[in-house]
>>> print(open('target.tsv').read())   # TSV, C-alpha atoms
chain	number	residue	atom	x	y	z
H	229	MET	CA	12.40	-40.11	126.24
H	230	ASP	CA	10.65	-36.80	125.46
H	231	MET	CA	6.92	-36.30	124.93
H	232	SER	CA	7.05	-36.65	121.13
H	233	MET	CA	8.86	-40.00	121.45
H	234	TRP	CA	6.21	-41.22	123.92
H	235	LEU	CA	3.55	-40.12	121.45
H	236	ALA	CA	5.27	-42.12	118.68
H	237	LEU	CA	5.50	-45.17	120.97
H	238	VAL	CA	1.81	-44.97	121.91
H	239	SER	CA	0.82	-44.49	118.22
H	240	ILE	CA	2.81	-47.56	117.16
H	241	ALA	CA	1.41	-49.64	120.05
H	242	ILE	CA	-2.21	-48.67	119.28
H	243	GLY	CA	-1.66	-49.02	115.51
H	244	THR	CA	-0.14	-52.50	115.88
H	245	TYR	CA	-3.00	-53.59	118.15
H	246	LEU	CA	-5.61	-52.28	115.69
H	247	ILE	CA	-3.85	-54.06	112.80
H	248	ARG	CA	-4.36	-57.29	114.75
H	249	LEU	CA	-7.85	-56.51	116.05
H	250	LEU	CA	-9.84	-54.75	113.31
H	251	PRO	CA	-9.49	-57.40	110.55
H	252	TYR	CA	-10.62	-60.02	113.09
H	253	ILE	CA	-13.73	-57.98	114.00
H	254	TRP	CA	-14.43	-57.35	110.31
H	255	MET	CA	-14.24	-61.05	109.46
H	256	LYS	CA	-16.32	-62.05	112.49
H	257	ARG	CA	-19.08	-59.64	111.40
H	258	SER	CA	-18.76	-60.69	107.77
H	259	LEU	CA	-19.12	-64.38	108.70
H	260	ALA	CA	-22.14	-63.66	110.91
H	261	LYS	CA	-23.75	-61.62	108.12
H	262	ARG	CA	-23.18	-64.34	105.54
H	263	GLN	CA	-24.57	-66.94	107.91
H	264	THR	CA	-27.81	-65.01	108.36
H	265	GLU	CA	-28.06	-64.35	104.61
H	266	ASP	CA	-27.39	-67.78	103.14
H	267	GLY	CA	-26.91	-70.04	106.15
H	268	ILE	CA	-23.22	-70.62	105.34
H	269	GLY	CA	-20.57	-68.57	107.11
H	270	SER	CA	-17.50	-69.53	105.10
H	271	MET	CA	-14.30	-67.51	104.72
H	272	PRO	CA	-13.07	-66.20	101.36
H	273	THR	CA	-10.92	-68.90	99.68
H	274	TRP	CA	-7.91	-66.58	99.21
H	275	LEU	CA	-7.75	-66.06	102.96
H	276	THR	CA	-7.74	-69.78	103.72
H	277	ILE	CA	-4.80	-70.16	101.30
H	278	LEU	CA	-2.90	-67.17	102.66
H	279	GLY	CA	-2.92	-68.57	106.24
H	280	PRO	CA	-0.80	-71.68	105.52
H	281	THR	CA	1.40	-69.84	103.00
H	282	MET	CA	2.18	-67.19	105.65
H	283	ILE	CA	3.30	-69.97	108.03
H	284	ALA	CA	5.40	-71.54	105.23
H	285	ALA	CA	6.98	-68.12	104.61
H	286	MET	CA	7.73	-67.71	108.34
H	287	PHE	CA	9.38	-71.13	108.21
H	288	GLY	CA	11.49	-69.97	105.26
H	289	THR	CA	12.63	-66.72	106.86
H	290	SER	CA	13.42	-68.37	110.20
H	291	LEU	CA	15.40	-71.08	108.40
H	292	VAL	CA	18.12	-68.67	107.24
H	293	PRO	CA	20.93	-68.88	109.83
H	294	THR	CA	22.33	-65.73	111.46
H	295	HIS	CA	25.82	-66.60	110.16
H	296	SER	CA	25.26	-67.71	106.59
H	297	ASP	CA	28.28	-70.07	106.33
H	298	ALA	CA	28.48	-73.74	105.27
H	299	LEU	CA	28.52	-75.05	108.86
H	300	SER	CA	25.38	-73.11	109.82
H	301	TRP	CA	23.56	-74.37	106.73
H	302	LEU	CA	24.70	-77.94	107.45
H	303	ALA	CA	23.46	-77.63	111.05
H	304	THR	CA	20.16	-76.21	109.77
H	305	GLY	CA	19.76	-79.10	107.29
H	306	VAL	CA	20.56	-81.72	109.92
H	307	GLY	CA	18.25	-80.02	112.43
H	308	ILE	CA	15.32	-80.00	110.00
H	309	LEU	CA	15.96	-83.62	108.91
H	310	VAL	CA	16.01	-84.79	112.54
H	311	THR	CA	12.85	-82.74	113.28
H	312	PHE	CA	11.15	-84.37	110.30
H	313	GLY	CA	12.36	-87.86	111.27
H	314	VAL	CA	11.03	-87.56	114.82
H	315	TRP	CA	7.80	-85.96	113.59
H	316	THR	CA	7.11	-88.87	111.20
H	317	ARG	CA	7.44	-91.28	114.15
H	318	THR	CA	5.61	-89.32	116.84
H	319	ARG	CA	3.29	-86.94	114.89
H	320	SER	CA	3.72	-84.64	117.90
H	321	MET	CA	5.11	-81.13	118.41
H	322	GLY	CA	7.38	-81.01	121.45
H	323	LEU	CA	9.73	-83.95	120.81
H	324	PRO	CA	10.53	-83.18	117.15
H	325	ILE	CA	11.43	-79.59	118.10
H	326	LEU	CA	13.55	-80.70	121.06
H	327	PHE	CA	15.47	-83.28	119.00
H	328	GLY	CA	15.83	-80.80	116.12
H	329	VAL	CA	17.36	-78.14	118.39
H	330	VAL	CA	19.68	-80.71	120.02
H	331	ALA	CA	20.83	-81.98	116.58
H	332	PHE	CA	21.34	-78.40	115.37
H	333	GLY	CA	23.30	-77.56	118.52
H	334	MET	CA	25.46	-80.68	118.28
H	335	VAL	CA	26.49	-79.96	114.69
H	336	THR	CA	27.14	-76.30	115.60
H	337	LEU	CA	29.26	-77.22	118.63
H	338	ILE	CA	31.01	-80.45	117.64
H	339	LEU	CA	31.96	-79.99	113.97
H	340	PRO	CA	34.20	-76.92	114.45
H	341	ILE	CA	36.30	-79.04	116.92
B	154	MET	CA	0.43	-83.20	121.82
B	155	SER	CA	-0.88	-84.61	118.60
B	156	THR	CA	-1.07	-82.44	115.52
B	157	ALA	CA	-3.62	-84.77	113.93
B	158	THR	CA	-6.03	-85.67	116.71
B	159	GLN	CA	-7.87	-83.73	119.35
B	160	THR	CA	-6.14	-84.23	122.69
B	161	LEU	CA	-6.27	-82.15	125.85
B	162	THR	CA	-4.31	-83.17	128.90
B	163	GLY	CA	-5.21	-80.98	131.87
B	164	THR	CA	-6.87	-77.58	131.67
B	165	PRO	CA	-6.90	-75.71	128.32
B	166	TRP	CA	-4.65	-72.88	129.50
B	167	LYS	CA	-2.08	-75.37	130.82
B	168	GLN	CA	-2.12	-77.10	127.44
B	169	GLY	CA	-1.69	-73.69	125.78
B	170	ILE	CA	1.37	-73.01	127.94
B	171	LYS	CA	2.77	-76.45	127.14
B	172	ASP	CA	2.26	-75.95	123.40
B	173	ALA	CA	3.89	-72.51	123.52
B	174	ILE	CA	7.05	-73.64	125.35
B	175	PRO	CA	9.00	-74.21	122.09
B	176	LEU	CA	8.43	-70.53	121.28
B	177	LEU	CA	10.61	-69.51	124.22
B	178	GLY	CA	13.70	-70.82	122.43
B	179	GLY	CA	13.13	-68.21	119.76
B	180	TYR	CA	11.62	-65.42	121.82
B	181	ILE	CA	14.03	-65.12	124.75
B	182	PRO	CA	17.36	-64.81	122.83
B	183	VAL	CA	15.83	-62.25	120.42
B	184	ALA	CA	14.23	-60.34	123.31
B	185	ILE	CA	17.60	-60.26	125.12
B	186	SER	CA	19.20	-58.82	121.95
B	187	PHE	CA	16.44	-56.22	121.71
B	188	GLY	CA	16.84	-55.19	125.35
B	189	LEU	CA	20.59	-54.82	124.88
B	190	ILE	CA	20.34	-52.82	121.64
B	191	SER	CA	17.59	-50.57	122.99
B	192	VAL	CA	19.62	-49.60	126.08
B	193	GLN	CA	22.71	-49.08	123.92
B	194	SER	CA	20.61	-46.79	121.68
B	195	GLY	CA	19.85	-44.50	124.63
B	196	PHE	CA	16.50	-45.81	125.95
B	197	SER	CA	16.23	-46.48	129.69
B	198	VAL	CA	15.53	-49.97	131.09
B	199	LEU	CA	11.93	-49.03	131.90
B	200	GLU	CA	11.33	-47.48	128.46
B	201	THR	CA	12.78	-50.59	126.82
B	202	ILE	CA	10.47	-52.87	128.80
B	203	LEU	CA	7.45	-50.70	127.98
B	204	ILE	CA	8.30	-50.80	124.26
B	205	SER	CA	8.27	-54.62	124.38
B	206	ALA	CA	5.13	-54.80	126.53
B	207	PHE	CA	3.03	-52.44	124.40
B	208	ILE	CA	4.32	-52.70	120.83
B	209	TYR	CA	5.10	-56.45	121.16
B	210	ALA	CA	6.30	-56.96	117.58
B	211	GLY	CA	9.94	-57.96	117.15
B	212	ALA	CA	10.98	-56.51	113.79
B	213	SER	CA	9.15	-53.22	114.25
B	214	GLN	CA	10.64	-52.74	117.73
B	215	PHE	CA	14.17	-53.08	116.35
B	216	LEU	CA	13.27	-50.62	113.59
B	217	PHE	CA	11.67	-48.18	116.05
B	218	VAL	CA	14.78	-48.12	118.24
B	219	ALA	CA	17.19	-47.87	115.29
B	220	MET	CA	15.26	-45.08	113.53
B	221	ALA	CA	14.63	-43.14	116.74
B	222	ALA	CA	18.32	-43.36	117.69
B	223	SER	CA	19.36	-42.14	114.22
B	224	GLY	CA	17.12	-39.09	114.59
B	225	ALA	CA	14.65	-39.98	111.82
B	226	PRO	CA	11.39	-37.95	111.75
B	227	LEU	CA	8.94	-39.54	114.17
B	228	TRP	CA	6.04	-39.61	111.67
B	229	LEU	CA	8.29	-41.72	109.41
B	230	VAL	CA	9.20	-44.00	112.33
B	231	VAL	CA	5.50	-44.58	113.05
B	232	ILE	CA	4.63	-45.29	109.39
B	233	MET	CA	7.57	-47.63	108.78
B	234	THR	CA	6.99	-49.68	111.93
B	235	LEU	CA	3.29	-50.05	111.17
B	236	LEU	CA	4.07	-51.04	107.56
B	237	ILE	CA	6.27	-53.88	108.84
B	238	ASN	CA	3.36	-55.10	110.96
B	239	ALA	CA	0.87	-54.87	108.08
B	240	ARG	CA	1.21	-58.62	107.40
B	241	HIS	CA	-0.68	-59.21	110.66
B	242	VAL	CA	-3.94	-58.15	108.94
B	243	VAL	CA	-4.54	-61.70	107.68
B	244	TYR	CA	-4.01	-63.41	111.04
B	245	GLY	CA	-7.22	-62.42	112.87
B	246	PRO	CA	-9.54	-63.20	109.91
B	247	ASN	CA	-7.90	-66.62	109.48
B	248	LEU	CA	-8.55	-67.51	113.12
B	249	SER	CA	-12.02	-65.94	113.37
B	250	PRO	CA	-13.99	-69.09	112.36
B	251	TYR	CA	-12.51	-70.84	115.41
B	252	LEU	CA	-13.21	-68.04	117.92
B	253	ASN	CA	-16.54	-67.58	119.66
B	254	HIS	CA	-18.24	-64.25	120.45
B	255	ASP	CA	-16.60	-63.88	123.87
B	256	LYS	CA	-15.50	-60.24	124.37
B	257	LYS	CA	-12.27	-61.46	126.00
B	258	TRP	CA	-10.94	-62.19	122.52
B	259	LEU	CA	-10.64	-58.43	121.90
B	260	PRO	CA	-7.77	-57.71	124.36
B	261	LEU	CA	-6.24	-61.10	123.55
B	262	MET	CA	-5.62	-59.90	119.98
B	263	HIS	CA	-2.65	-57.94	121.37
B	264	GLY	CA	-0.87	-61.30	121.63
B	265	LEU	CA	-1.45	-62.30	118.01
B	266	THR	CA	2.17	-62.42	116.83
B	267	ASP	CA	3.52	-64.43	113.86
B	268	GLN	CA	4.36	-67.39	116.05
B	269	ILE	CA	1.13	-67.40	118.08
B	270	PHE	CA	-0.83	-67.18	114.83
B	271	ALA	CA	1.03	-70.19	113.39
B	272	LEU	CA	0.48	-72.17	116.58
B	273	ALA	CA	-3.19	-71.20	116.93
B	274	HIS	CA	-3.90	-71.84	113.24
B	275	ALA	CA	-2.76	-75.43	113.70
B	276	ARG	CA	-4.13	-76.07	117.20
B	277	LEU	CA	-7.47	-74.23	117.51
B	278	PRO	CA	-9.32	-76.38	114.93
B	279	GLN	CA	-8.35	-79.47	116.94
B	280	LEU	CA	-9.73	-78.14	120.23
B	281	PRO	CA	-13.33	-78.13	121.47
B	282	ASP	CA	-14.97	-74.69	121.19
B	283	GLN	CA	-15.13	-74.05	124.95
B	284	ALA	CA	-11.41	-74.86	125.42
B	285	ARG	CA	-10.09	-72.46	122.77
B	286	ILE	CA	-10.04	-69.19	124.73
B	287	GLY	CA	-8.28	-70.86	127.67
B	288	TRP	CA	-5.74	-72.50	125.39
B	289	TYR	CA	-5.06	-69.24	123.51
B	290	THR	CA	-4.76	-67.25	126.77
B	291	GLY	CA	-2.18	-69.70	128.15
B	292	ALA	CA	-0.11	-69.72	124.95
B	293	ALA	CA	-0.31	-65.96	124.26
B	294	VAL	CA	0.36	-64.85	127.84
B	295	LEU	CA	3.39	-67.15	128.15
B	296	ALA	CA	4.79	-65.82	124.87
B	297	TRP	CA	4.16	-62.18	125.89
B	298	LEU	CA	5.68	-62.64	129.35
B	299	SER	CA	8.74	-64.37	127.90
B	300	TRP	CA	9.20	-61.47	125.46
B	301	VAL	CA	8.91	-58.84	128.19
B	302	ALA	CA	11.08	-60.81	130.65
B	303	GLY	CA	13.71	-61.47	127.95
B	304	THR	CA	13.75	-57.77	127.12
B	305	ALA	CA	14.23	-56.85	130.78
B	306	LEU	CA	17.04	-59.38	131.07
B	307	GLY	CA	18.72	-58.00	127.95
B	308	ALA	CA	18.32	-54.40	129.11
B	309	ILE	CA	19.76	-55.11	132.55
B	310	ALA	CA	22.40	-57.77	131.88
B	311	GLY	CA	22.40	-58.42	128.11
B	312	ASP	CA	26.05	-57.53	127.61
B	313	GLU	CA	27.26	-59.98	130.23
B	314	LEU	CA	24.86	-62.73	129.13
B	315	THR	CA	25.89	-62.63	125.47
B	316	GLN	CA	29.57	-62.60	126.45
B	317	ARG	CA	29.27	-65.51	128.87
B	318	TRP	CA	26.98	-67.74	126.79
B	319	PRO	CA	27.39	-66.63	123.17
B	320	LEU	CA	26.05	-69.94	121.81
B	321	ILE	CA	22.64	-69.55	123.50
B	322	SER	CA	21.72	-66.90	120.98
B	323	ASP	CA	23.02	-69.14	118.15
B	324	ILE	CA	21.39	-72.47	119.06
B	325	LEU	CA	18.08	-71.83	120.87
B	326	PRO	CA	16.51	-69.77	118.02
B	327	PHE	CA	16.49	-72.96	115.90
B	328	ALA	CA	13.35	-73.85	117.89
B	329	LEU	CA	11.45	-71.39	115.68
B	330	PRO	CA	12.06	-73.00	112.24
B	331	ALA	CA	11.54	-76.40	113.88
B	332	LEU	CA	8.21	-75.18	115.30
B	333	PHE	CA	7.03	-73.69	112.00
B	334	PHE	CA	8.10	-76.91	110.27
B	335	VAL	CA	5.98	-79.20	112.47
B	336	LEU	CA	3.06	-76.77	112.14
B	337	ILE	CA	3.14	-76.65	108.35
B	338	ILE	CA	4.25	-80.18	107.39
B	339	PRO	CA	0.82	-81.81	108.06
B	340	ARG	CA	-0.56	-79.45	105.36
B	341	CYS	CA	1.64	-81.15	102.72
B	342	ASN	CA	-0.82	-84.00	102.28
B	343	ASN	CA	-1.30	-83.54	98.53
B	344	CYS	CA	0.74	-82.37	95.55
B	345	LEU	CA	-1.01	-78.99	95.22
B	346	TRP	CA	-0.41	-77.96	98.83
B	347	SER	CA	3.10	-79.46	98.92
B	348	MET	CA	4.18	-77.34	95.94
B	349	THR	CA	2.49	-74.23	97.36
B	350	ILE	CA	4.17	-74.62	100.76
B	351	PHE	CA	7.53	-75.43	99.14
B	352	LEU	CA	7.46	-72.35	96.89
B	353	SER	CA	6.42	-70.03	99.74
B	354	ALA	CA	9.28	-71.31	101.92
B	355	VAL	CA	11.89	-71.12	99.14
B	356	VAL	CA	10.87	-67.58	98.10
B	357	ALA	CA	11.06	-66.52	101.75
B	358	VAL	CA	14.57	-67.98	102.10
B	359	ILE	CA	15.73	-66.22	98.91
B	360	LEU	CA	14.22	-62.84	99.89
B	361	LYS	CA	15.71	-63.03	103.38
B	362	MET	CA	19.13	-63.94	101.97
B	363	LEU	CA	18.89	-61.06	99.49
B	364	GLY	CA	18.44	-58.70	102.44
B	365	TYR	CA	14.65	-58.15	102.42
B	366	PRO	CA	13.57	-59.77	105.70
B	367	ASN	CA	10.56	-57.49	106.26
B	368	VAL	CA	8.84	-58.06	102.93
B	369	ALA	CA	9.89	-61.73	102.75
B	370	ILE	CA	6.86	-63.11	104.62
B	371	PRO	CA	4.03	-61.28	102.77
B	372	LEU	CA	5.69	-61.58	99.32
B	373	ALA	CA	6.56	-65.26	99.74
B	374	ALA	CA	3.05	-66.03	101.03
B	375	MET	CA	1.49	-64.22	98.06
B	376	SER	CA	3.72	-66.04	95.56
B	377	GLY	CA	2.66	-69.34	97.12
B	378	ALA	CA	-1.01	-68.32	96.88
B	379	VAL	CA	-0.54	-67.35	93.19
B	380	LEU	CA	0.99	-70.77	92.48
B	381	PHE	CA	-1.90	-72.44	94.30
B	382	TYR	CA	-4.46	-70.67	92.11
B	383	ALA	CA	-2.44	-71.26	88.92
B	384	LEU	CA	-2.11	-75.00	89.58
B	385	LYS	CA	-5.75	-75.29	90.63
B	386	ASN	CA	-6.99	-73.47	87.52
B	387	GLN	CA	-4.72	-75.58	85.32
B	388	ARG	CA	-6.15	-78.70	86.93
B	389	ILE	CA	-9.71	-77.48	86.38
B	390	LEU	CA	-8.98	-76.52	82.76
B	391	GLY	CA	-7.13	-79.80	82.16
B	392	GLY	CA	-10.11	-81.72	83.49
B	393	GLU	CA	-12.56	-80.00	81.15
>>> encode(input="target.tsv", output="structure tokens")
Amino acid sequence: MDMSMWLALVSIAIGTYLIRLLPYIWMKRSLAKRQTEDGIGSMPTWLTILGPTMIAAMFGTSLVPTHSDALSWLATGVGILVTFGVWTRTRSMGLPILFGVVAFGMVTLILPI
Amino acid sequence: MSTATQTLTGTPWKQGIKDAIPLLGGYIPVAISFGLISVQSGFSVLETILISAFIYAGASQFLFVAMAASGAPLWLVVIMTLLINARHVVYGPNLSPYLNHDKKWLPLMHGLTDQIFALAHARLPQLPDQARIGWYTGAAVLAWLSWVAGTALGAIAGDELTQRWPLISDILPFALPALFFVLIIPRCNNCLWSMTIFLSAVVAVILKMLGYPNVAIPLAAMSGAVLFYALKNQRILGGE
């Protein structure tokens, strides 16, 4: 890798870090300022909505299988249903994911046979 | 771990590691693919590992390697990769009410990926204030190490691994949608939020299937937020 490529790599690394860091610092200062001004340090409403919708969008993008065929979609559907079923019983995180992956894997492996 | 109640078994960082374990199913196979592709594109093993350690952003790393290998102008490579990461601007502000003024949070922001944000957004409000930095450190460091280690594995032996166990890269990544699902489902506790979450997810699926994976997350999230405001305003107007 030549010097210009290293420079590009360092720029991207610093830029990505600043994209994650600066908005956090800005909001922290903004909350502290609001708290001293009116005693309430609440976040803008649009931001509190965007947080959960971003996670829902990540769920949507990760849901699309690598091979977009009927079997992959069936395995995805079964995996999510099993995850949901276990989650409704346990209200936990680890077990629903484990059972979901196992169900997804079983449909992926067994049905083609 | 309960998603509804505040529970901490053991030290906070151990709990963070435990909560982040499902991420490995998604991180390691993708990191192995990245390591393999990067080496095939002409980067050395060490360069590949450094890319993962310092950029630490999946989609933009793939783009960086692909554009650099195709000989694209480097200024364009930098701009495009940073544009892909622009969605991260909302993560820090969303978590800031749960983070104290400890200076250690500043370097820890390097670990604020999509998945760590989703996990922290659900878990931090449930934890006592003094346990949050330990929990986040455990979760973020495990995720970062798994990404770097997966990259190294892919760069050194990715070809052999994917040939010997091709299904690993097909099955384990399902841990990611399952994780996002259990993180977001508790939010669907009323009609307004259920419809907002549903629309965001469906728009994201459609955009990804149409071949726009990089804009899918911000656009889908914004469409969900627009629906939220529209339904809320309609409710307010209807009530008047």
>>> closest_residue(input="target.tsv", among="B:Ser186, B:Asn343, B:Gln283, B:Gln214", to="chain H", atoms="only C-alpha atoms")
B:Gln214
>>> closest_atom_pairs(input="target.tsv", of="chain H", to="chain B", cutoff="6 Å", atoms="only C-alpha atoms", output="CSV")
residue,atom,partner,partner_atom,distance
H:Ile240,CA,B:Val231,CA,5.7
H:Ala241,CA,B:Ile208,CA,4.3
H:Tyr245,CA,B:His263,CA,5.4
H:Ile247,CA,B:Val242,CA,5.6
H:Arg248,CA,B:His241,CA,5.8
H:Leu249,CA,B:Met262,CA,5.6
H:Pro251,CA,B:Val242,CA,5.8
H:Tyr252,CA,B:Gly245,CA,4.2
H:Met255,CA,B:Pro246,CA,5.2
H:Lys256,CA,B:Ser249,CA,5.9
H:Thr281,CA,B:Ala374,CA,4.6
H:Met282,CA,B:Ala374,CA,4.8
H:Ile283,CA,B:Ala271,CA,5.8
H:Ala284,CA,B:Ala354,CA,5.1
H:Ala285,CA,B:Ala354,CA,4.8
H:Met286,CA,B:Ile370,CA,6.0
H:Phe287,CA,B:Phe333,CA,5.1
H:Gly288,CA,B:Ala354,CA,4.2
H:Thr289,CA,B:Val358,CA,5.3
H:Ser290,CA,B:Pro330,CA,5.2
H:Leu291,CA,B:Pro330,CA,5.4
H:Ser320,CA,B:Ser155,CA,4.7
H:Ile325,CA,B:Ala331,CA,5.3
H:Val329,CA,B:Phe327,CA,5.8
H:Gly333,CA,B:Ile324,CA,5.5
>>> atom_distance(input="target.tsv", atom1="atom CA of Leu384 of chain B", atom2="atom CA of Leu345 of chain B")
7.0 Å
>>> atom_distance(input="target.tsv", atom1="atom CA of Val183 of chain B", atom2="atom CA of Gly311 of chain B")
10.8 Å
>>> residues_near_point(input="target.tsv", point="(13.0, -83.9, 113.9)", cutoff="10 Å", atoms="all atoms listed in the file", output="JSON, numbers by chain")
{"H": [306, 307, 308, 309, 310, 311, 312, 313, 314, 315, 316, 317, 318, 321, 322, 323, 324, 325, 326, 327, 328, 329, 330, 331], "B": [331, 334, 335]}
>>> atom_distance(input="target.tsv", atom1="atom CA of Phe187 of chain B", atom2="atom CA of Gln168 of chain B")
28.5 Å
>>> closest_residue(input="target.tsv", among="H:Pro280, H:Phe332, H:Ser239, H:Leu275", to="Gly305 of chain H", atoms="all atoms listed in the file")
H:Phe332
>>> residues_around(input="target.tsv", residues="Ala310 of chain B", least_positions_apart="4", cutoff="8 Å", atoms="only C-alpha atoms", output="list in words")
Leu189, Leu306 and Leu314 of chain B
>>> closest_residue(input="target.tsv", among="B:Gly307, B:Gly364, B:Pro226, B:Pro165", to="Pro281 of chain B", atoms="all atoms listed in the file")
B:Pro165
>>> build_atoms(input="target.tsv", residues="segment 262-285 of chain H", atoms="N, CA and C atoms", output="mmCIF file, keeping the file's coordinate frame")
data_model
loop_
_atom_site.group_PDB
_atom_site.id
_atom_site.type_symbol
_atom_site.label_atom_id
_atom_site.label_comp_id
_atom_site.auth_asym_id
_atom_site.auth_seq_id
_atom_site.Cartn_x
_atom_site.Cartn_y
_atom_site.Cartn_z
ATOM 1 N N ARG H 262 -22.981 -63.322 106.569
ATOM 2 C CA ARG H 262 -23.180 -64.340 105.540
ATOM 3 C C ARG H 262 -24.030 -65.497 106.058
ATOM 4 N N GLN H 263 -23.822 -65.823 107.336
ATOM 5 C CA GLN H 263 -24.570 -66.940 107.910
ATOM 6 C C GLN H 263 -26.068 -66.615 107.966
ATOM 7 N N THR H 264 -26.395 -65.363 108.296
ATOM 8 C CA THR H 264 -27.810 -65.010 108.360
ATOM 9 C C THR H 264 -28.415 -64.884 106.953
ATOM 10 N N GLU H 265 -27.547 -64.518 105.972
ATOM 11 C CA GLU H 265 -28.060 -64.350 104.610
ATOM 12 C C GLU H 265 -28.280 -65.682 103.898
ATOM 13 N N ASP H 266 -27.250 -66.532 103.901
ATOM 14 C CA ASP H 266 -27.390 -67.780 103.140
ATOM 15 C C ASP H 266 -27.174 -69.045 103.986
ATOM 16 N N GLY H 267 -27.037 -68.861 105.289
ATOM 17 C CA GLY H 267 -26.910 -70.040 106.150
ATOM 18 C C GLY H 267 -25.515 -70.628 106.201
ATOM 19 N N ILE H 268 -24.585 -70.093 105.344
ATOM 20 C CA ILE H 268 -23.220 -70.620 105.340
ATOM 21 C C ILE H 268 -22.261 -69.473 105.669
ATOM 22 N N GLY H 269 -21.497 -69.631 106.715
ATOM 23 C CA GLY H 269 -20.570 -68.570 107.110
ATOM 24 C C GLY H 269 -19.141 -68.925 106.766
ATOM 25 N N SER H 270 -18.845 -69.093 105.465
ATOM 26 C CA SER H 270 -17.500 -69.530 105.100
ATOM 27 C C SER H 270 -16.591 -68.354 104.781
ATOM 28 N N MET H 271 -15.285 -68.554 104.987
ATOM 29 C CA MET H 271 -14.300 -67.510 104.720
ATOM 30 C C MET H 271 -13.993 -67.442 103.235
ATOM 31 N N PRO H 272 -13.511 -66.271 102.756
ATOM 32 C CA PRO H 272 -13.070 -66.200 101.360
ATOM 33 C C PRO H 272 -11.932 -67.199 101.119
ATOM 34 N N THR H 273 -11.911 -67.843 99.950
ATOM 35 C CA THR H 273 -10.920 -68.900 99.680
ATOM 36 C C THR H 273 -9.487 -68.352 99.766
ATOM 37 N N TRP H 274 -9.277 -67.120 99.229
ATOM 38 C CA TRP H 274 -7.910 -66.580 99.210
ATOM 39 C C TRP H 274 -7.336 -66.467 100.611
ATOM 40 N N LEU H 275 -8.213 -66.223 101.585
ATOM 41 C CA LEU H 275 -7.750 -66.060 102.960
ATOM 42 C C LEU H 275 -7.345 -67.410 103.554
ATOM 43 N N THR H 276 -8.083 -68.453 103.192
ATOM 44 C CA THR H 276 -7.740 -69.780 103.720
ATOM 45 C C THR H 276 -6.430 -70.292 103.106
ATOM 46 N N ILE H 277 -6.078 -69.760 101.920
ATOM 47 C CA ILE H 277 -4.800 -70.160 101.300
ATOM 48 C C ILE H 277 -3.660 -69.346 101.908
ATOM 49 N N LEU H 278 -3.934 -68.064 102.146
ATOM 50 C CA LEU H 278 -2.900 -67.170 102.660
ATOM 51 C C LEU H 278 -2.435 -67.558 104.071
ATOM 52 N N GLY H 279 -3.307 -68.155 104.874
ATOM 53 C CA GLY H 279 -2.920 -68.570 106.240
ATOM 54 C C GLY H 279 -1.753 -69.545 106.212
ATOM 55 N N PRO H 280 -1.919 -70.718 105.569
ATOM 56 C CA PRO H 280 -0.800 -71.680 105.520
ATOM 57 C C PRO H 280 0.429 -71.148 104.779
ATOM 58 N N THR H 281 0.217 -70.333 103.717
ATOM 59 C CA THR H 281 1.400 -69.840 103.000
ATOM 60 C C THR H 281 2.187 -68.832 103.857
ATOM 61 N N MET H 282 1.479 -68.095 104.725
ATOM 62 C CA MET H 282 2.180 -67.190 105.650
ATOM 63 C C MET H 282 3.060 -68.014 106.604
ATOM 64 N N ILE H 283 2.528 -69.132 107.105
ATOM 65 C CA ILE H 283 3.300 -69.970 108.030
ATOM 66 C C ILE H 283 4.509 -70.572 107.295
ATOM 67 N N ALA H 284 4.286 -70.997 106.028
ATOM 68 C CA ALA H 284 5.400 -71.540 105.230
ATOM 69 C C ALA H 284 6.467 -70.468 105.024
ATOM 70 N N ALA H 285 6.030 -69.221 104.805
ATOM 71 C CA ALA H 285 6.980 -68.120 104.610
ATOM 72 C C ALA H 285 7.744 -67.823 105.900
#
